[in-house]
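Below is one structure; the comments refer to it alone.
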Amino acid sequence: MPKITGAKVIVTCPGRNFVTLKIETEEGVYGLGDATLNGRELSVASYLQDHVIPCLIGRDAHQIEDIWQYLYKGAYWRRGPVTMSAIAAVDTALWDIKGKIAGLPVYQLLGGASRESVMVYGHANGTTIEDTVRVALEYQAQGYKAIRIQCGVPGMASTYGVSKDKYFYEPADADLPTENVWNTSKYLRIVPELFKAAREALGWDVHLLHDIHHRLTPIEAGRLGKDLEQYRPFWLEDATPAENQDAFKLIRQHTTTPLAVGEIFNSIHDCRELIQNQLIDYIRATVVHAGGISHLRKIANLADLYQVRTGCHGATDLSPVCMAAALHFDLSVPNFGVQEYMRHTPETDAVFPHAYTFENGAMHPGDKPGLGVDIDEELAAKYEYNRAFLPVNRLEDGTMFNW
Ligand SMILES: O=C(O)C(=O)C[C@H](O)[C@H](O)CO
Ligand SMILES: [Mg+2]
């Protein structure tokens, strides 16, 4: 049996911080897991270093489910983003090891390919509607079949999803949280205009997505969903904070616009009622924050019973290790919807060489044994950790709000 002989946590910052777990076995086979939690990276690094790795040594790397249950139930203090990101990293690394030993890409271990490739969506953003539509046309020209559109709001200095850089979006932008300011009514006026212009320019054969990023009340989300129905959005994401899963009942009463939620979920319990009551259409949970491949499969299996499809989170703060694992999952899962794909910078790609590819709006994980991703530890060591916080958000009167 492939006994675990060691494990290390590699923190590197090629433009942004990433936390990677590397698990080694006595046969010399090692596996990688992404453990990056944007703005709280060192919490997960410590959780792994101080509370997980000592418990892994000597275990059979093939026993993925038993180790998962041990780390989940053994913690006593269950769930939460730090714990579940740490468990995710272990789970992902063990699937990597199992694939390498079997000589198979991980998707083959998950039941094989259920499709030729994985449809992805890119991020078109701009300070004005015209800017955003112009960038969306560039994505369409690159073959993207699905494009997220986010534009600036007149009268607001900043808004979610609009960055200086057109391709590399990194919200964790300062050593202490940047303070953003928000105005819902200005936002609600511009989004229908954005979709109108986008449909006129791009036509109807491309999927258009939008991320509200937790900033509306349920009734405001119902109104926006209704306003946008004529433009057929593929989904409205994070329409309202989802701690209260019942809140989505109110949105559902007012609109048929599809709803996606879950990038900040870390276990099946965060979305069970949303799925069972068919309050959402896509579940955004992903490998790195929702307990790894093993737990994400359980979420997807529940979702499949209710015709809810996957739409895994894939922002730049999820490392290429997570992207590789997500693509193996996406290729195999029966109720696949779409995969988010925010490109990483060349520096990041150099630290994490990988087999996955993009072509004509779709991706494939490749057929290398395991996940098909590696880490160049020497290069990673050149990029020191650099503390960076996600912004916070206040209303114009100073009230603390949702970022
Ligand atoms: O990619 C998305 O849909 C996001 O909402 C990006 C998040 O703001 C980002 O991952 C936070 O670190
Ligand atoms: Mg989002």
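If you're wondering about the labels, chains in the structure tokens are A, B, ... by order shown, residues count from 1 in each chain, ligands from 1 in order shown.
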
Self-check item: Residue list (strand (DSSP E or B), DSSP) for region 138-228 of chain A, as a PyMOL selection string
Solution: chain A and resi 146-151+174+179-182+207-211

Q.
For ligand 2, return the neighbouring residues as a VMD selection string (distance at most 12 Å; only C-alpha atoms and all ligand atoms).
A. chain A and resid 123 148 to 150 160 to 161 169 171 209 to 215 235 to 241 259 to 265 283 to 286 311 to 317 340 to 342 403

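Proximity ranking of A:Leu110, A:Ile64, A:Leu37, A:Ala290 relative to ligand 1 places A:Leu37 first, based on only C-alpha atoms and all ligand atoms.
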
Min atom-atom distance to Gly122 (chain A) from the set A:Asp227, A:Asp60, A:Glu273, A:Glu138, counting only C-alpha atoms, belongs to A:Glu138

### Task
Skip Leu302 (chain A) itself and residues of its chain fewer than 4 positions away, then list as a ChimeraX atom specification all residues within 12 Å of it, counting only C-alpha atoms.
/A:268-269,271-278,283,295-298,306-310,333-335

What's around Ile129 (chain A) at 8 Å? Count only C-alpha atoms, leave out sequence neighbours fewer than 3 positions away in its own chain, and write the answer as a list of chain:residue names.
A:Gly126, A:Thr132, A:Val133, A:Cys151, A:Gly152, A:Glu193, A:Leu194, A:Ala197

Could those residues be written to a file, using C-alpha atoms, as a tab-separated table (two decimals), in the first residue's frame?
chain	number	residue	atom	x	y	z
A	126	GLY	CA	-15.36	47.27	-18.54
A	132	THR	CA	-17.72	45.62	-21.65
A	133	VAL	CA	-19.42	44.73	-24.93
A	151	CYS	CA	-19.70	46.72	-16.11
A	152	GLY	CA	-19.03	49.81	-14.06
A	193	GLU	CA	-28.98	48.29	-20.24
A	194	LEU	CA	-25.82	46.15	-20.25
A	197	ALA	CA	-26.44	46.17	-25.53

From the list A:Asp270, A:Asp50, A:Asp131, A:Glu179, the nearest residue to Val162 (chain A) using only C-alpha atoms is A:Asp131

So, counting only C-alpha atoms, which residue among A:Trp182, A:Lys368, A:Phe234, A:Asn360 is closest to Val338 (chain A)?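 Residue with the minimum atom-to-atom distance to Val338 (chain A): A:Phe234.
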
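Among A:Pro154, A:Pro320, A:Gly6, A:Gly366, the residue with the shortest atom-to-atom distance to Val351 (chain A), counting only C-alpha atoms, is A:Pro320.
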
note - CA of Thr128 (chain A) and CA of Gly203 (chain A) are separated by 19.3 Å

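Our summary of the geometry notes that atom 9 (C, counted along the ligand's line) of ligand 1 is positioned 17.8 Å from CA of Gly292 (chain A).
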
Across A:Glu359, A:Asp34, A:Glu130, A:Asp173, the smallest distance to ligand 1, with only C-alpha atoms and all ligand atoms counted, is shown by A:Asp173

- Task: List every residue of region 155-243 of chain A that DSSP, applied to the backbone of this structure, assigns to alpha helix (DSSP H), and report them as a ChimeraX atom specification.
- Result: /A:184-202,218-228

* What lies within 10 Å of region 24-30 of chain A using only C-alpha atoms, ignoring chain neighbours under 2 positions off, as a list of chain:residue names? ->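 The neighbour list is A:Met1, A:Pro2, A:Lys3, A:Ile4, A:Thr5, A:Gly6, A:Ala7, A:Lys8, A:Leu21, A:Lys22, A:Leu32, A:Ile57, A:Gly58, A:Arg59, A:Asp60, A:Ala61, A:Ala93, A:Leu94, A:Asp96, A:Ile97, A:Lys98, A:Lys100, A:Ile101, A:Gly370, A:Asp374.
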
Margin query: Excluding Phe401 (chain A) and its own-chain neighbours fewer than 6 positions away, which residues fall within 8 Å of it when counting only C-alpha atoms? Please give them as a PyMOL selection string.
Written below: chain A and resi 215+392-395

Extract, using only C-alpha atoms, all DNA, RNA and protein residues at most 12 Å from Ile375 (chain A), discarding same-chain residues fewer than 3 positions from it, and format them as a PyMOL selection string. chain A and resi 9-12+18-22+30-34+319-321+348-354+371-372+378-381

Which residues of region 243-332 of chain A come within 7 Å of region 69-83 of chain A, and for each one, what is the closest pair of atoms and their distance in Å to one decimal, counting only C-alpha atoms, sorted by chain and residue number, as a Markdown table?
| residue | atom | partner | partner_atom | distance |
| --- | --- | --- | --- | --- |
| A:Asn266 | CA | A:Pro81 | CA | 5.7 |
| A:Ser267 | CA | A:Arg79 | CA | 6.8 |
| A:His289 | CA | A:Pro81 | CA | 6.2 |

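Coordinates place CA of Met363 (chain A) at a distance of 14.0 Å from CA of Cys322 (chain A).
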